[in-house]
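Contents: one structure, followed by commentary.
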Amino acid sequence: MKLVGLPLILLFAFTFGTFSVQAQETLRLEDAIQQGLQNQFAIQIAKKREKIAENDNTLGNAGFLPTINGTTAKNYAISGLNQEFFGGIRAPLNQSGVRSNSSNAGVAMAWTLYDGNGMFILKNRFSELQQLGAKQTETSIENLIALISTTYYDIIRQELRVNNFKKGLEISNDRLKLAKDRYEVGQGSKVDYYSAQVDFNEDKALLLAQEQSFVNTKISFNALLVRAMQTEFNVQPVIDLLPKLSLVELRDLALKQNPILLAAIVNKRITDLDIKSTQSLQMPQIDLLAGYNMNQVENGAGFGVQRGTSNAMSYGLRATVNIFDGYNQKRRVQNAKINAEIAQLQVDELKNSLSSSLERAYVTYENALNLINLESENYTIAKQNIDIAFDRFKVGIATSYELREVQRNAVAAETRLIEAKFTAKSVEIELIRLSGGIL
């Protein structure tokens, strides 16, 4: 048995149909999942966060590319001068409103050539963060698919219960009519007639409550798909199960492809890279520096340089190394190693938790399958008893109380069968989710 790659339409045993009364198109589980994935806000948020991680995974963000900065400035000045010169080389200078200006422009580049492989480590870290974002998105998608699928089958369960209670109400109505006819012709007691009326009203109240539960579940489902709450739709009221799942295969698949576990493993790799990144800060950093500057000046003071320009190009290497920082670098390396140990413990904890969840869910799954077989047999017998008891009641052999008990047993047997099928289906979905096989 293989779970990976199964189409959703096969995985969840989709069925097709239409409303005959209102001509409503049947909502397939596949279509519901597509709508949920398109509309759910949590999925949109997860995808946008994944996009941020993708945008961060660049060579420039990792430090491989140079940084180039350009600067320019223009300065103006209005001055007053009152100057006397040694030796009388020129007459004293007394001016006001002297205007002068200067401008400069430059480009500076810094390019890290070596930093203890920190750039390569950081690039790998960004790649791991991008993969982590993808796994987190995958987790959100799988959780939503499982929730939509379970709720979808809950709607089927609610509708099957409605149909079950309707059949019980039909029996109560036939019994009420028969008891009334007997009472009116003097062949039955008033007590039997009133008892039949009370039981009919009780069954009608149960049906109304179940119909309310059915409608509320559909409203919740519409909310899950992020669409109008009163959107009408129909489902085919059939709960089909896959061939029996294997716990061994589920456990192996879960350890290989469960997105939560894989995300924890990616996080462990990120903490390992953090150790290397912190250690790289202890190595010297070598940068290539280059620059170009141009200056221009206009002087209105009447002495010195009246107008001039100059430019210069510079280049060189710069080396920096951390000699001593109060042992803070050593502390950061130690903390990074502790974080890596924590990440490994989290991976081990998730594996243990995943195995435990699979074991518990599988026990429930097997029990539900056994109950389906048992309740199917009980329901077959209960239906036969209904026919026999009603025929006996018509000819006056069976009492009203006996017919009522047989009727209750039949409704209860079908209800238990419905619940067993829904439990098996919901646990089946959960097992596939835990194994990472939904996608």
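In the structure tokens, the first chain shown is A, the next is B, and so on; residue numbers restart at 1 for each chain, and ligands run from 1 in the order shown.
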Give me the residues near Ser400 in chain A as a PDB file with N, CA, C and O atoms, in the first residue's frame, where near means some atom within 7 Å (using only C-alpha atoms) and where sequence neighbours in that chain fewer than 3 positions away do not count.
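Everything below was put into around23.pdb:
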```pdb
ATOM      1  N   ASP A 192     -52.893   4.194  24.612  1.00  0.00           N
ATOM      2  CA  ASP A 192     -52.018   3.875  23.487  1.00  0.00           C
ATOM      3  C   ASP A 192     -51.975   5.018  22.473  1.00  0.00           C
ATOM      4  O   ASP A 192     -50.915   5.333  21.905  1.00  0.00           O
ATOM      5  N   LEU A 403     -43.346  -2.102  20.274  1.00  0.00           N
ATOM      6  CA  LEU A 403     -43.015  -1.486  18.992  1.00  0.00           C
ATOM      7  C   LEU A 403     -42.094  -0.288  19.195  1.00  0.00           C
ATOM      8  O   LEU A 403     -41.150  -0.083  18.430  1.00  0.00           O
ATOM      9  N   ARG A 404     -42.362   0.485  20.254  1.00  0.00           N
ATOM     10  CA  ARG A 404     -41.541   1.658  20.523  1.00  0.00           C
ATOM     11  C   ARG A 404     -40.096   1.256  20.845  1.00  0.00           C
ATOM     12  O   ARG A 404     -39.138   1.887  20.372  1.00  0.00           O
TER      13      ARG A 404
END
```
Next item on the list: Tell me which protein, DNA and RNA residues are within 10 Å of Gln197 in chain A, counting only C-alpha atoms, leaving out same-chain ones fewer than 5 positions away, and put them as a ChimeraX atom specification.
Entry: /A:172-173,175-177,179-180,191-192,202-203
Selection from above, all heavy atoms, as a PDB file, in the first residue's frame, can you write it?
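Contents of part-v6.pdb, as written:
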```
ATOM      1  N   SER A 172     -43.089   6.414  13.648  1.00  0.00           N
ATOM      2  CA  SER A 172     -43.931   6.965  14.712  1.00  0.00           C
ATOM      3  C   SER A 172     -45.228   7.513  14.144  1.00  0.00           C
ATOM      4  O   SER A 172     -46.298   7.393  14.771  1.00  0.00           O
ATOM      5  CB  SER A 172     -43.180   8.076  15.450  1.00  0.00           C
ATOM      6  OG  SER A 172     -42.076   7.559  16.144  1.00  0.00           O
ATOM      7  N   ASN A 173     -45.177   8.094  12.952  1.00  0.00           N
ATOM      8  CA  ASN A 173     -46.385   8.635  12.332  1.00  0.00           C
ATOM      9  C   ASN A 173     -47.337   7.510  11.929  1.00  0.00           C
ATOM     10  O   ASN A 173     -48.568   7.617  12.142  1.00  0.00           O
ATOM     11  CB  ASN A 173     -45.991   9.456  11.102  1.00  0.00           C
ATOM     12  CG  ASN A 173     -47.162  10.180  10.491  1.00  0.00           C
ATOM     13  OD1 ASN A 173     -47.954  10.804  11.197  1.00  0.00           O
ATOM     14  ND2 ASN A 173     -47.299  10.090   9.170  1.00  0.00           N
ATOM     15  N   ARG A 175     -47.482   4.580  13.318  1.00  0.00           N
ATOM     16  CA  ARG A 175     -48.007   4.038  14.579  1.00  0.00           C
ATOM     17  C   ARG A 175     -49.099   4.934  15.153  1.00  0.00           C
ATOM     18  O   ARG A 175     -50.121   4.454  15.658  1.00  0.00           O
ATOM     19  CB  ARG A 175     -46.860   3.903  15.569  1.00  0.00           C
ATOM     20  CG  ARG A 175     -47.286   3.500  16.973  1.00  0.00           C
ATOM     21  CD  ARG A 175     -46.124   3.536  17.921  1.00  0.00           C
ATOM     22  NE  ARG A 175     -46.566   3.627  19.304  1.00  0.00           N
ATOM     23  CZ  ARG A 175     -45.904   4.224  20.267  1.00  0.00           C
ATOM     24  NH1 ARG A 175     -44.739   4.814  19.995  1.00  0.00           N
ATOM     25  NH2 ARG A 175     -46.369   4.255  21.492  1.00  0.00           N
ATOM     26  N   LEU A 176     -48.882   6.277  15.040  1.00  0.00           N
ATOM     27  CA  LEU A 176     -49.877   7.219  15.553  1.00  0.00           C
ATOM     28  C   LEU A 176     -51.186   7.099  14.786  1.00  0.00           C
ATOM     29  O   LEU A 176     -52.277   7.089  15.386  1.00  0.00           O
ATOM     30  CB  LEU A 176     -49.328   8.647  15.459  1.00  0.00           C
ATOM     31  CG  LEU A 176     -50.279   9.778  15.850  1.00  0.00           C
ATOM     32  CD1 LEU A 176     -50.721   9.627  17.310  1.00  0.00           C
ATOM     33  CD2 LEU A 176     -49.632  11.139  15.631  1.00  0.00           C
ATOM     34  N   LYS A 177     -51.108   6.982  13.469  1.00  0.00           N
ATOM     35  CA  LYS A 177     -52.323   6.850  12.665  1.00  0.00           C
ATOM     36  C   LYS A 177     -53.076   5.568  13.019  1.00  0.00           C
ATOM     37  O   LYS A 177     -54.310   5.568  13.144  1.00  0.00           O
ATOM     38  CB  LYS A 177     -51.969   6.849  11.175  1.00  0.00           C
ATOM     39  CG  LYS A 177     -51.491   8.201  10.649  1.00  0.00           C
ATOM     40  CD  LYS A 177     -51.147   8.106   9.172  1.00  0.00           C
ATOM     41  CE  LYS A 177     -50.674   9.457   8.641  1.00  0.00           C
ATOM     42  NZ  LYS A 177     -50.300   9.374   7.188  1.00  0.00           N
ATOM     43  N   ALA A 179     -52.875   3.846  15.851  1.00  0.00           N
ATOM     44  CA  ALA A 179     -53.425   3.946  17.206  1.00  0.00           C
ATOM     45  C   ALA A 179     -54.665   4.823  17.224  1.00  0.00           C
ATOM     46  O   ALA A 179     -55.639   4.531  17.951  1.00  0.00           O
ATOM     47  CB  ALA A 179     -52.358   4.505  18.148  1.00  0.00           C
ATOM     48  N   LYS A 180     -54.651   5.888  16.419  1.00  0.00           N
ATOM     49  CA  LYS A 180     -55.815   6.774  16.359  1.00  0.00           C
ATOM     50  C   LYS A 180     -57.012   6.053  15.746  1.00  0.00           C
ATOM     51  O   LYS A 180     -58.155   6.165  16.252  1.00  0.00           O
ATOM     52  CB  LYS A 180     -55.459   8.011  15.544  1.00  0.00           C
ATOM     53  CG  LYS A 180     -56.596   9.011  15.433  1.00  0.00           C
ATOM     54  CD  LYS A 180     -56.184  10.208  14.590  1.00  0.00           C
ATOM     55  CE  LYS A 180     -57.350  11.199  14.474  1.00  0.00           C
ATOM     56  NZ  LYS A 180     -56.991  12.355  13.615  1.00  0.00           N
ATOM     57  N   VAL A 191     -54.959   5.456  26.079  1.00  0.00           N
ATOM     58  CA  VAL A 191     -53.577   5.523  26.564  1.00  0.00           C
ATOM     59  C   VAL A 191     -52.597   5.236  25.427  1.00  0.00           C
ATOM     60  O   VAL A 191     -51.584   5.934  25.262  1.00  0.00           O
ATOM     61  CB  VAL A 191     -53.364   4.537  27.721  1.00  0.00           C
ATOM     62  CG1 VAL A 191     -51.887   4.470  28.105  1.00  0.00           C
ATOM     63  CG2 VAL A 191     -54.204   4.930  28.930  1.00  0.00           C
ATOM     64  N   ASP A 192     -52.893   4.194  24.612  1.00  0.00           N
ATOM     65  CA  ASP A 192     -52.018   3.875  23.487  1.00  0.00           C
ATOM     66  C   ASP A 192     -51.975   5.018  22.473  1.00  0.00           C
ATOM     67  O   ASP A 192     -50.915   5.333  21.905  1.00  0.00           O
ATOM     68  CB  ASP A 192     -52.499   2.603  22.789  1.00  0.00           C
ATOM     69  CG  ASP A 192     -52.209   1.351  23.609  1.00  0.00           C
ATOM     70  OD1 ASP A 192     -51.367   1.452  24.525  1.00  0.00           O
ATOM     71  OD2 ASP A 192     -52.814   0.305  23.327  1.00  0.00           O
ATOM     72  N   GLU A 202     -41.908  13.541  20.412  1.00  0.00           N
ATOM     73  CA  GLU A 202     -40.512  13.396  20.845  1.00  0.00           C
ATOM     74  C   GLU A 202     -39.588  13.173  19.656  1.00  0.00           C
ATOM     75  O   GLU A 202     -38.519  13.802  19.551  1.00  0.00           O
ATOM     76  CB  GLU A 202     -40.401  12.219  21.818  1.00  0.00           C
ATOM     77  CG  GLU A 202     -38.975  11.968  22.289  1.00  0.00           C
ATOM     78  CD  GLU A 202     -38.866  10.723  23.162  1.00  0.00           C
ATOM     79  OE1 GLU A 202     -39.919  10.155  23.535  1.00  0.00           O
ATOM     80  OE2 GLU A 202     -37.728  10.314  23.457  1.00  0.00           O
ATOM     81  N   ASP A 203     -40.007  12.300  18.737  1.00  0.00           N
ATOM     82  CA  ASP A 203     -39.186  12.030  17.557  1.00  0.00           C
ATOM     83  C   ASP A 203     -39.102  13.262  16.654  1.00  0.00           C
ATOM     84  O   ASP A 203     -38.051  13.520  16.030  1.00  0.00           O
ATOM     85  CB  ASP A 203     -39.773  10.859  16.772  1.00  0.00           C
ATOM     86  CG  ASP A 203     -39.628   9.543  17.528  1.00  0.00           C
ATOM     87  OD1 ASP A 203     -38.825   9.509  18.475  1.00  0.00           O
ATOM     88  OD2 ASP A 203     -40.313   8.572  17.175  1.00  0.00           O
TER      89      ASP A 203
END
```
Notebook entry, point to check: Which of range 317-374 of chain A counts as alpha helix (DSSP H) under DSSP, as a PyMOL selection string please?
Noted result: chain A and resi 328-374
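Among the candidate residues A:Ile275, A:Ile68, A:Leu208, A:Leu369, the one lying nearest to Asn335 in chain A is A:Ile275, with distances computed using only C-alpha atoms.
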Checklist line | Asn352 in chain A environment, 12 Å, only C-alpha atoms, sequence neighbours closer than 4 positions dropped, as a PyMOL selection string | finding: chain A and resi 251+254-255+261+345-348+356-359
Quick one: write out the picked residues with all heavy atoms as a tab-separated table (two decimals), in the first residue's frame?
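Listing of part.tsv after writing:
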```tsv
chain	number	residue	atom	x	y	z
A	251	ARG	N	4.04	4.84	9.99
A	251	ARG	CA	5.13	5.30	10.85
A	251	ARG	C	6.37	5.63	10.01
A	251	ARG	O	7.02	6.66	10.23
A	251	ARG	CB	5.46	4.24	11.89
A	251	ARG	CG	6.46	4.73	12.95
A	251	ARG	CD	6.88	3.61	13.88
A	251	ARG	NE	5.76	3.12	14.67
A	251	ARG	CZ	5.23	1.92	14.55
A	251	ARG	NH1	5.72	1.07	13.64
A	251	ARG	NH2	4.24	1.53	15.32
A	254	ALA	N	5.74	8.85	8.10
A	254	ALA	CA	5.72	10.03	8.98
A	254	ALA	C	7.14	10.51	9.29
A	254	ALA	O	7.41	11.71	9.29
A	254	ALA	CB	4.98	9.70	10.28
A	255	LEU	N	8.05	9.56	9.53
A	255	LEU	CA	9.42	9.95	9.83
A	255	LEU	C	10.15	10.52	8.62
A	255	LEU	O	11.15	11.22	8.75
A	255	LEU	CB	10.19	8.74	10.38
A	255	LEU	CG	9.69	8.19	11.72
A	255	LEU	CD1	10.49	6.95	12.13
A	255	LEU	CD2	9.78	9.25	12.82
A	261	LEU	N	7.85	17.63	11.41
A	261	LEU	CA	9.12	17.02	11.76
A	261	LEU	C	10.23	17.51	10.84
A	261	LEU	O	11.34	17.81	11.29
A	261	LEU	CB	8.99	15.50	11.69
A	261	LEU	CG	10.27	14.69	11.98
A	261	LEU	CD1	10.79	15.01	13.38
A	261	LEU	CD2	10.02	13.19	11.83
A	345	LEU	N	17.04	18.15	20.55
A	345	LEU	CA	16.08	17.62	21.51
A	345	LEU	C	14.64	17.82	21.02
A	345	LEU	O	13.78	16.94	21.22
A	345	LEU	CB	16.26	18.29	22.88
A	345	LEU	CG	17.55	17.94	23.63
A	345	LEU	CD1	17.69	18.82	24.87
A	345	LEU	CD2	17.58	16.46	24.02
A	346	GLN	N	14.39	18.94	20.37
A	346	GLN	CA	13.06	19.18	19.83
A	346	GLN	C	12.74	18.20	18.71
A	346	GLN	O	11.60	17.75	18.59
A	346	GLN	CB	12.97	20.63	19.33
A	346	GLN	CG	12.97	21.66	20.45
A	346	GLN	CD	13.05	23.08	19.94
A	346	GLN	OE1	13.55	23.34	18.84
A	346	GLN	NE2	12.55	24.03	20.73
A	347	VAL	N	13.73	17.87	17.89
A	347	VAL	CA	13.52	16.87	16.84
A	347	VAL	C	13.18	15.52	17.47
A	347	VAL	O	12.23	14.84	17.05
A	347	VAL	CB	14.77	16.75	15.94
A	347	VAL	CG1	14.63	15.54	15.01
A	347	VAL	CG2	14.98	18.01	15.14
A	348	ASP	N	13.95	15.12	18.48
A	348	ASP	CA	13.69	13.84	19.16
A	348	ASP	C	12.32	13.83	19.82
A	348	ASP	O	11.60	12.83	19.80
A	348	ASP	CB	14.79	13.58	20.19
A	348	ASP	CG	16.16	13.40	19.55
A	348	ASP	OD1	16.20	13.05	18.35
A	348	ASP	OD2	17.16	13.62	20.24
A	356	SER	N	3.72	8.50	19.15
A	356	SER	CA	2.64	8.33	20.12
A	356	SER	C	1.29	8.68	19.51
A	356	SER	O	0.30	7.95	19.70
A	356	SER	CB	2.92	9.22	21.33
A	356	SER	OG	1.84	9.17	22.25
A	357	SER	N	1.22	9.78	18.77
A	357	SER	CA	-0.04	10.19	18.14
A	357	SER	C	-0.50	9.15	17.13
A	357	SER	O	-1.71	8.85	17.04
A	357	SER	CB	0.13	11.55	17.46
A	357	SER	OG	0.45	12.55	18.40
A	358	LEU	N	0.44	8.61	16.37
A	358	LEU	CA	0.09	7.57	15.40
A	358	LEU	C	-0.45	6.32	16.09
A	358	LEU	O	-1.46	5.74	15.65
A	358	LEU	CB	1.30	7.21	14.54
A	358	LEU	CG	1.63	8.14	13.37
A	358	LEU	CD1	2.98	7.80	12.78
A	358	LEU	CD2	0.55	8.05	12.29
A	359	GLU	N	0.20	5.91	17.16
A	359	GLU	CA	-0.23	4.71	17.89
A	359	GLU	C	-1.64	4.90	18.43
A	359	GLU	O	-2.51	4.02	18.29
A	359	GLU	CB	0.74	4.42	19.03
A	359	GLU	CG	2.13	3.98	18.60
A	359	GLU	CD	2.18	2.53	18.16
A	359	GLU	OE1	1.17	1.82	18.33
A	359	GLU	OE2	3.23	2.11	17.64
```
Item checked: All residues 6 Å or closer to range 116-120 of chain A, only C-alpha atoms, same chain fewer than 4 positions away omitted, as a list in words ->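 Contacts, in chain order: Ala62, Gly63, Ser277, Ser280 and Met283 of chain A.
Here CA of Ile171 in chain A stands at a distance of 16.7 Å from CA of Thr380 in chain A.
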Note to self: Can you tell me which residues surround Tyr114 in chain A at a distance of at most 8 Å, considering only C-alpha atoms, apart from same-chain residues fewer than 3 positions away, and format the answer as a list in words?
What the structure shows: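 Returned residues: Asn117, Pro284, Gln285, Ile286 and Asp287 of chain A.
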Check: Using the chain letters and numbers from this document, which residues of range 46-256 of chain A does DSSP assign to strand (DSSP E or B), as a ChimeraX atom specification?
Finding: /A:67-83,93-114,234
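As for CA of Ala53 in chain A and CA of Phe41 in chain A, they are spaced 18.7 Å apart.
Comparing the minimum interatomic distances between Arg433 in chain A and each of A:Val248, A:Ala368, A:Val185, A:Leu354, counting only C-alpha atoms, we find that A:Leu354 sits nearest.
Residue nearest Val406 in chain A, chosen from A:Glu211, A:Ala389, A:Glu419, A:Ser189 and counting only C-alpha atoms: A:Ala389.
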Would you mind listing what lies within 7 Å of Ala413 in chain A as a compact mmCIF listing (two decimals) with N, CA, C and O atoms, in the first residue's frame, with only C-alpha atoms counted and same-chain residues fewer than 5 positions away left out?
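Everything below was put into selection_4.txt:
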```txt
# COMPACT_ATOMS: atom_id res chain seq x y z
N GLU A 375 -21.80 -2.98 14.30
CA GLU A 375 -23.02 -2.18 14.19
C GLU A 375 -23.74 -2.44 12.87
O GLU A 375 -24.97 -2.27 12.79
N ASN A 378 -25.79 -5.36 13.72
CA ASN A 378 -26.89 -4.94 14.60
C ASN A 378 -27.97 -4.19 13.82
O ASN A 378 -29.18 -4.37 14.06
N TYR A 379 -27.55 -3.33 12.91
CA TYR A 379 -28.51 -2.52 12.16
C TYR A 379 -29.35 -3.41 11.24
O TYR A 379 -30.57 -3.19 11.09
```
